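Asks: Supplied structure: run.cif, mmCIF, C-alpha atoms.
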data_input
loop_
_atom_site.label_atom_id
_atom_site.label_comp_id
_atom_site.auth_asym_id
_atom_site.auth_seq_id
_atom_site.Cartn_x
_atom_site.Cartn_y
_atom_site.Cartn_z
CA MET A 1 14.41 -85.50 12.08
CA ALA A 2 13.34 -83.04 14.79
CA MET A 3 16.43 -80.92 14.11
CA GLU A 4 15.62 -80.86 10.40
CA ILE A 5 12.11 -79.53 11.08
CA THR A 6 13.49 -76.86 13.38
CA ASN A 7 16.03 -75.76 10.82
CA ASN A 8 13.42 -75.56 8.07
CA TYR A 9 11.12 -73.52 10.28
CA SER A 10 13.95 -71.18 11.26
CA ASN A 11 14.82 -70.66 7.60
CA TYR A 12 11.17 -69.94 6.82
CA VAL A 13 10.91 -67.38 9.62
CA ALA A 14 14.13 -65.71 8.56
CA GLN A 15 12.98 -65.49 4.96
CA SER A 16 9.57 -64.16 6.03
CA MET A 17 11.15 -61.47 8.21
CA ALA A 18 13.50 -60.47 5.40
CA GLY A 19 10.61 -60.20 3.00
CA SER A 20 8.57 -58.19 5.50
CA ASN A 21 11.46 -55.78 6.12
CA ALA A 22 11.88 -55.33 2.37
CA VAL A 23 8.18 -54.51 1.98
CA ASP A 24 8.26 -52.10 4.93
CA GLY A 25 11.36 -50.44 3.50
CA THR A 26 9.68 -50.03 0.12
CA LYS A 27 6.55 -48.58 1.72
CA LYS A 28 8.66 -46.17 3.80
CA LYS A 29 10.54 -44.97 0.72
CA GLU A 30 7.29 -44.51 -1.17
CA ALA A 31 5.81 -42.53 1.76
CA GLU A 32 8.92 -40.34 1.95
CA LYS A 33 8.80 -39.80 -1.81
CA THR A 34 5.10 -38.87 -1.59
CA GLN A 35 5.83 -36.37 1.21
CA GLU A 36 8.67 -34.84 -0.79
CA THR A 37 6.43 -34.56 -3.87
CA THR A 38 3.60 -33.02 -1.82
CA GLY A 39 5.98 -30.55 -0.17
CA SER A 40 7.50 -29.61 -3.51
CA SER A 41 4.04 -29.18 -5.03
CA LYS A 42 2.89 -26.96 -2.14
CA SER A 43 6.06 -24.86 -2.39
CA LYS A 44 5.56 -24.44 -6.11
CA SER A 45 1.90 -23.55 -5.56
CA THR A 46 2.84 -20.88 -3.01
CA ALA A 47 5.45 -19.44 -5.36
CA ASP A 48 2.92 -19.31 -8.20
CA TYR A 49 0.38 -17.67 -5.91
CA ALA A 50 2.92 -15.03 -4.84
CA ASN A 51 3.71 -14.35 -8.51
CA GLU A 52 0.01 -13.76 -9.19
CA LEU A 53 -0.17 -11.25 -6.33
CA ALA A 54 2.96 -9.51 -7.60
CA LYS A 55 1.12 -8.72 -10.84
CA LEU A 56 -1.28 -6.53 -8.82
CA VAL A 57 1.57 -4.17 -7.86
CA PRO A 58 3.83 -3.69 -10.91
CA SER A 59 5.19 -0.41 -9.49
CA VAL A 60 6.90 -2.10 -6.53
CA ASP A 61 9.05 -5.12 -5.78
CA PHE A 62 6.75 -7.77 -4.22
CA ARG A 63 8.25 -9.91 -1.45
CA ILE A 64 7.30 -12.49 1.19
CA GLY A 65 8.76 -11.88 4.66
CA ASN A 66 8.27 -10.90 8.28
CA SER A 67 9.10 -7.20 8.11
CA PHE A 68 9.94 -4.20 5.92
CA ALA A 69 12.69 -4.35 3.34
CA SER A 70 15.84 -2.73 4.72
CA SER A 71 17.27 -1.23 1.53
CA LYS A 72 17.71 2.56 1.33
CA SER A 73 16.35 2.80 -2.19
CA GLY A 74 13.54 1.41 -4.33
CA LYS A 75 9.91 0.62 -3.61
CA THR A 76 8.81 -2.68 -2.06
CA LEU A 77 5.76 -4.43 -0.62
CA THR A 78 6.36 -7.33 1.79
CA VAL A 79 3.54 -9.70 2.79
CA ASN A 80 3.76 -11.94 5.86
CA PRO A 81 3.90 -15.66 4.89
CA LYS A 82 1.22 -16.53 7.47
CA LEU A 83 -1.15 -14.06 5.81
CA LEU A 84 -0.36 -15.66 2.47
CA GLU A 85 -1.42 -19.02 3.89
CA LYS A 86 -4.64 -17.51 5.29
CA MET A 87 -5.45 -16.01 1.91
CA GLN A 88 -5.16 -19.40 0.21
CA ASN A 89 -7.61 -20.94 2.68
CA ASP A 90 -9.99 -18.01 3.34
CA PRO A 91 -11.74 -16.35 0.34
CA LYS A 92 -12.80 -13.34 2.45
CA GLN A 93 -9.25 -12.72 3.64
CA GLU A 94 -7.99 -13.16 0.10
CA LYS A 95 -10.44 -10.58 -1.27
CA GLU A 96 -9.63 -8.00 1.44
CA THR A 97 -5.89 -8.41 1.07
CA LYS A 98 -5.99 -8.24 -2.73
CA GLU A 99 -7.93 -4.97 -2.46
CA LEU A 100 -5.28 -3.67 -0.08
CA ILE A 101 -2.48 -4.73 -2.44
CA LYS A 102 -4.22 -2.92 -5.30
CA GLY A 103 -4.48 0.10 -2.99
CA VAL A 104 -0.71 0.00 -2.46
CA GLU A 105 -0.24 0.19 -6.23
CA SER A 106 -2.62 3.17 -6.55
CA MET A 107 -1.08 4.94 -3.58
CA THR A 108 2.47 4.41 -4.87
CA ARG A 109 1.57 6.01 -8.20
CA LEU A 110 -0.24 8.83 -6.39
CA MET A 111 2.82 9.54 -4.24
CA ASN A 112 5.09 9.64 -7.27
CA SER A 113 2.74 12.05 -9.05
CA ILE A 114 2.12 14.40 -6.12
CA TYR A 115 5.66 14.61 -4.81
CA SER A 116 7.38 14.88 -8.18
CA GLY A 117 4.99 17.70 -9.11
CA SER A 118 5.84 19.49 -5.85
CA GLY A 119 9.62 19.28 -6.15
CA TRP A 120 10.02 16.18 -3.98
CA THR A 121 11.64 12.83 -4.81
CA VAL A 122 10.67 9.49 -3.25
CA VAL A 123 14.07 8.01 -2.36
CA TYR A 124 12.56 4.79 -1.04
CA LYS A 125 9.18 3.49 0.06
CA HIS A 126 8.77 0.17 1.86
CA SER A 127 5.34 -1.25 2.73
CA TYR A 128 4.45 -4.23 4.89
CA ILE A 129 1.23 -6.20 5.48
CA ASP A 130 1.37 -8.28 8.67
CA GLU A 131 -0.18 -11.67 9.40
CA ASN A 132 -3.44 -9.98 10.46
CA GLY A 133 -3.76 -8.03 7.21
CA LYS A 134 -2.74 -4.67 8.76
CA TYR A 135 -0.81 -2.22 6.59
CA CYS A 136 2.09 0.06 7.50
CA SER A 137 4.85 1.75 5.52
CA THR A 138 7.91 3.92 5.81
CA ALA A 139 9.35 6.22 3.15
CA LEU A 140 12.11 8.75 2.67
CA ILE A 141 11.27 11.77 0.53
CA ARG A 142 13.76 14.43 -0.49
CA ASN A 143 12.91 18.05 -1.19
CA ASP A 144 15.11 18.61 -4.25
CA TYR A 145 13.96 22.19 -4.66
CA MET A 146 15.14 23.18 -1.19
CA LEU A 147 18.38 21.27 -1.57
CA ASN A 148 19.19 23.19 -4.73
CA LEU A 149 18.83 26.50 -2.98
CA SER A 150 21.87 28.04 -1.36
CA ASP A 151 21.75 28.92 2.33
CA LYS A 152 21.39 32.58 1.46
CA LEU A 153 18.55 32.03 -0.99
CA ARG A 154 16.83 29.70 1.46
CA GLU A 155 16.95 32.35 4.16
CA GLU A 156 15.66 35.05 1.80
CA ARG A 157 12.86 32.76 0.67
CA LYS A 158 11.89 32.14 4.28
CA LYS A 159 11.78 35.89 5.05
CA ASN A 160 9.76 36.63 1.92
CA SER A 161 7.31 33.89 2.83
CA GLU A 162 6.89 35.37 6.30
CA LYS A 163 6.27 38.83 4.82
CA LEU A 164 3.74 37.51 2.36
CA LEU A 165 1.99 35.63 5.13
CA GLU A 166 1.80 38.77 7.26
CA ARG A 167 0.42 40.81 4.35
CA SER A 168 -2.13 38.12 3.64
CA LYS A 169 -3.28 38.23 7.25
CA GLU A 170 -3.61 42.03 7.10
CA LYS A 171 -5.57 41.89 3.87
CA ALA A 172 -7.77 39.17 5.28
CA ALA A 173 -8.50 41.30 8.35
CA ASP A 174 -9.35 44.34 6.20
CA LYS A 175 -11.51 42.24 3.97
CA GLU A 176 -13.34 40.80 6.95
CA GLU A 177 -14.23 44.31 8.13
CA GLU A 178 -15.54 45.21 4.69
CA LEU A 179 -17.56 42.03 4.49
CA GLN A 180 -19.19 42.71 7.83
CA GLU A 181 -20.66 45.85 6.25
CA ALA A 182 -21.75 44.08 3.08
CA THR A 183 -24.07 41.12 3.65
CA ILE A 184 -24.04 40.01 0.03
CA GLU A 185 -20.26 39.92 -0.13
CA LYS A 186 -20.17 37.99 3.10
CA GLN A 187 -22.51 35.38 1.69
CA LEU A 188 -20.29 35.05 -1.37
CA LEU A 189 -17.28 34.54 0.86
CA GLU A 190 -19.06 31.81 2.80
CA ALA A 191 -20.03 30.13 -0.45
CA GLU A 192 -16.42 30.22 -1.63
CA ALA A 193 -15.22 28.87 1.69
CA GLU A 194 -17.75 26.05 1.48
CA LYS A 195 -16.62 25.19 -2.04
CA ALA A 196 -12.99 25.23 -0.93
CA GLU A 197 -13.85 22.81 1.88
CA GLU A 198 -15.57 20.49 -0.58
CA ASP A 199 -12.53 20.59 -2.85
CA LYS A 200 -10.34 19.84 0.13
CA THR A 201 -12.51 16.85 1.04
CA SER A 202 -12.33 15.47 -2.50
CA ASP A 203 -8.53 15.72 -2.36
CA LYS A 204 -8.12 13.90 0.96
CA ALA A 205 -5.43 11.59 -0.34
CA GLU A 206 -3.31 14.40 -1.79
CA GLN A 207 -3.78 16.54 1.32
CA LEU A 208 -2.81 13.69 3.63
CA LEU A 209 0.38 12.93 1.71
CA MET A 210 1.38 16.59 1.50
CA ASP A 211 0.77 17.05 5.24
CA LYS A 212 2.96 14.04 5.90
CA ALA A 213 5.70 15.56 3.76
CA GLU A 214 5.50 19.02 5.32
CA ASN A 215 5.54 17.63 8.87
CA SER A 216 8.20 14.98 8.28
CA GLU A 217 11.50 14.94 10.13
CA ASP A 218 14.49 14.52 7.84
CA GLY A 219 12.09 13.57 5.05
CA ILE A 220 10.91 10.32 6.67
CA ILE A 221 7.15 9.71 6.60
CA TYR A 222 5.05 6.87 7.99
CA LEU A 223 1.65 5.59 6.88
CA ASN A 224 -0.40 3.24 9.04
CA ASP A 225 -3.49 1.13 8.35
CA GLU A 226 -5.86 4.06 8.99
CA ASP A 227 -3.92 6.34 6.62
CA MET A 228 -4.07 3.66 3.95
CA LYS A 229 -7.84 3.27 4.38
CA THR A 230 -8.29 7.05 4.03
CA ILE A 231 -6.25 7.08 0.82
CA MET A 232 -8.08 4.07 -0.62
CA GLU A 233 -11.48 5.62 0.17
CA ALA A 234 -10.42 8.92 -1.42
CA ILE A 235 -9.21 7.13 -4.54
CA LYS A 236 -12.51 5.23 -4.76
CA GLU A 237 -14.47 8.49 -4.34
CA ASP A 238 -12.53 10.15 -7.15
CA ALA A 239 -13.07 7.09 -9.36
CA THR A 240 -16.81 7.14 -8.59
CA GLU A 241 -17.05 10.86 -9.39
CA GLN A 242 -15.19 10.40 -12.66
CA THR A 243 -17.52 7.53 -13.60
CA ALA A 244 -20.56 9.65 -12.74
CA ASP A 245 -19.25 12.56 -14.84
CA LYS A 246 -18.59 10.20 -17.73
CA ASP A 247 -22.12 8.79 -17.44
CA MET A 248 -23.57 12.31 -17.45
CA MET A 249 -21.62 13.16 -20.59
CA THR A 250 -22.86 9.97 -22.23
CA VAL A 251 -26.48 10.78 -21.30
CA GLY A 252 -26.08 14.29 -22.64
CA ALA A 253 -24.63 12.98 -25.89
CA ASN A 254 -27.52 10.55 -26.25
CA LEU A 255 -30.04 13.34 -25.66
CA ASP A 256 -28.37 15.46 -28.31
CA LEU A 257 -28.58 12.57 -30.72
CA GLN A 258 -32.24 12.02 -29.94
CA VAL A 259 -33.05 15.69 -30.54
#
As a first step, turn the structure in this file into structure tokens.
Replies:
Amino acid sequence: MAMEITNNYSNYVAQSMAGSNAVDGTKKKEAEKTQETTGSSKSKSTADYANELAKLVPSVDFRIGNSFASSKSGKTLTVNPKLLEKMQNDPKQEKETKELIKGVESMTRLMNSIYSGSGWTVVYKHSYIDENGKYCSTALIRNDYMLNLSDKLREERKKNSEKLLERSKEKAADKEEELQEATIEKQLLEAEAEKAEEDKTSDKAEQLLMDKAENSEDGIIYLNDEDMKTIMEAIKEDATEQTADKDMMTVGANLDLQV
């Protein structure tokens, strides 16, 4: 009788353990399934978020990565994945980075406009925003006009440019002497110089890009975070001036209507 009780108890324990293991196995599978679902959902969310950011820069190929694109053609913007994560959790970081991404779009269009109008071609332009939100870029621009000139024509053009520069210096010196004797003319010259400086200030972005092109080695130019800020500020200034001019025209039109 004692053996029978022992056997029954052993069977009960064995069945209980089997049932417990089955429950634990089910719970484990459910937990793993939940983790897989959560991971898949997060991955999909990140992909959707990246697609939304890509819409801010239609002129370039938007990517997620740890450095510049390596291709020797095209235009790209790569954003560090850690920064992408910060943006999703920090509204301030998101706002700043989105403004920067929009700036990349404006600057890319500006480069295309300025360089194409000056006989240059943007072969490639690759931008990168690191995990701290800092911008940098590298680009290769080609001077098609100079490439189309023969060696002889290029040399003649260089000599003619030097001659014209020398004549301009001589004329400037003569004019300076004349202006020293005429106070009124001197004042006019100063006024013109002041206006030219104002125009130069309003075209900071264009001037910066052209300086980069003229001083580039083998057509390669680099833009850092400070350069990008200068360009973005210049673009904002131009936009503000255009808005102010438009408002003035609207006010003037309203006044005309009232009269």
Asks: Atom CA of Ile114 of chain A and atom CA of Glu206 of chain A, how far apart in Å?
Replies: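 Atom-to-atom, atom CA of Glu206 of chain A and atom CA of Ile114 of chain A are spaced 6.9 Å apart.
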Asks: For the PyMOL selection byres ((chain A and resi 81-97) around 6), applied here, can you spell out every residue it catches as a list in words?
Replies: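 Checking the PyMOL selection byres ((chain A and resi 81-97) around 6) against this file, the residues are Ile64, Asn80, Lys98, Glu99, Leu100 and Glu131 of chain A.
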Asks: Name the residues in contact with segment 55-59 of chain A at a cut-off of 12 Å, using all atoms listed in the file, excluding same-chain residues fewer than 4 positions from it; report them as a ChimeraX atom specification.
Replies: /A:48-51,63,74-78,97-112,125-127
Asks: Please, what distance in Å, to one decimal, runs between atom CA of Lys72 of chain A and atom CA of Cys136 of chain A?
Replies: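 Separating atom CA of Lys72 of chain A from atom CA of Cys136 of chain A is a distance of 17.0 Å.
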Asks: Atom CA of Ala234 of chain A and atom CA of Ile221 of chain A, how far apart in Å?
Replies: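 Between atom CA of Ile221 of chain A and atom CA of Ala234 of chain A the gap works out to 19.3 Å.
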Asks: From the set A:Ile141, A:Glu166, A:Ser161, A:Lys236, which residue has the shortest atom-to-atom contact distance to Asp218 of chain A, counting all atoms listed in the file?
Replies: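 Residue with the minimum atom-to-atom distance to Asp218 of chain A: A:Ile141.
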Asks: In terms of the shortest atom-to-atom distance over only C-alpha atoms, which of A:Asn66, A:Ser168, A:Ser45, A:Asn143 is closest to Ser216 of chain A?
Replies: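 Of A:Asn66, A:Ser168, A:Ser45, A:Asn143, the one nearest Ser216 of chain A is A:Asn143, counting only C-alpha atoms.
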Asks: With distances taken over only C-alpha atoms, which of A:Met210, A:Ala139, A:Leu147, A:Ile235 is nearest to Leu223 of chain A?
Replies: A:Ala139
Asks: Run the PyMOL selection byres ((chain A and resi 231) around 8) mentally over the shown coordinates, then write out the matched residues as a ChimeraX atom specification, using the chain letters and numbers from the document.
Replies: /A:107,204-205,208,227-230,232-235
Asks: Which is closest to Gly219 of chain A among A:Ala69, A:Val79, A:Leu53, A:Val122, if we use only C-alpha atoms?
Replies: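 For Gly219 of chain A, the nearest of the given residues is A:Val122.
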Asks: Using all atoms listed in the file, can you tell me which of A:Glu155, A:Lys171, A:Asp144, A:Leu164 comes closest to Gly117 of chain A?
Replies: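 Distance minimum relative to Gly117 of chain A lands on A:Asp144.
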Asks: From the options A:Leu165, A:Met146, A:Ala172, A:Val60, which residue's atoms come nearest to Ser73 of chain A, counting all atoms listed in the file?
Replies: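 The shortest atom-to-atom distance to Ser73 of chain A comes from A:Val60.
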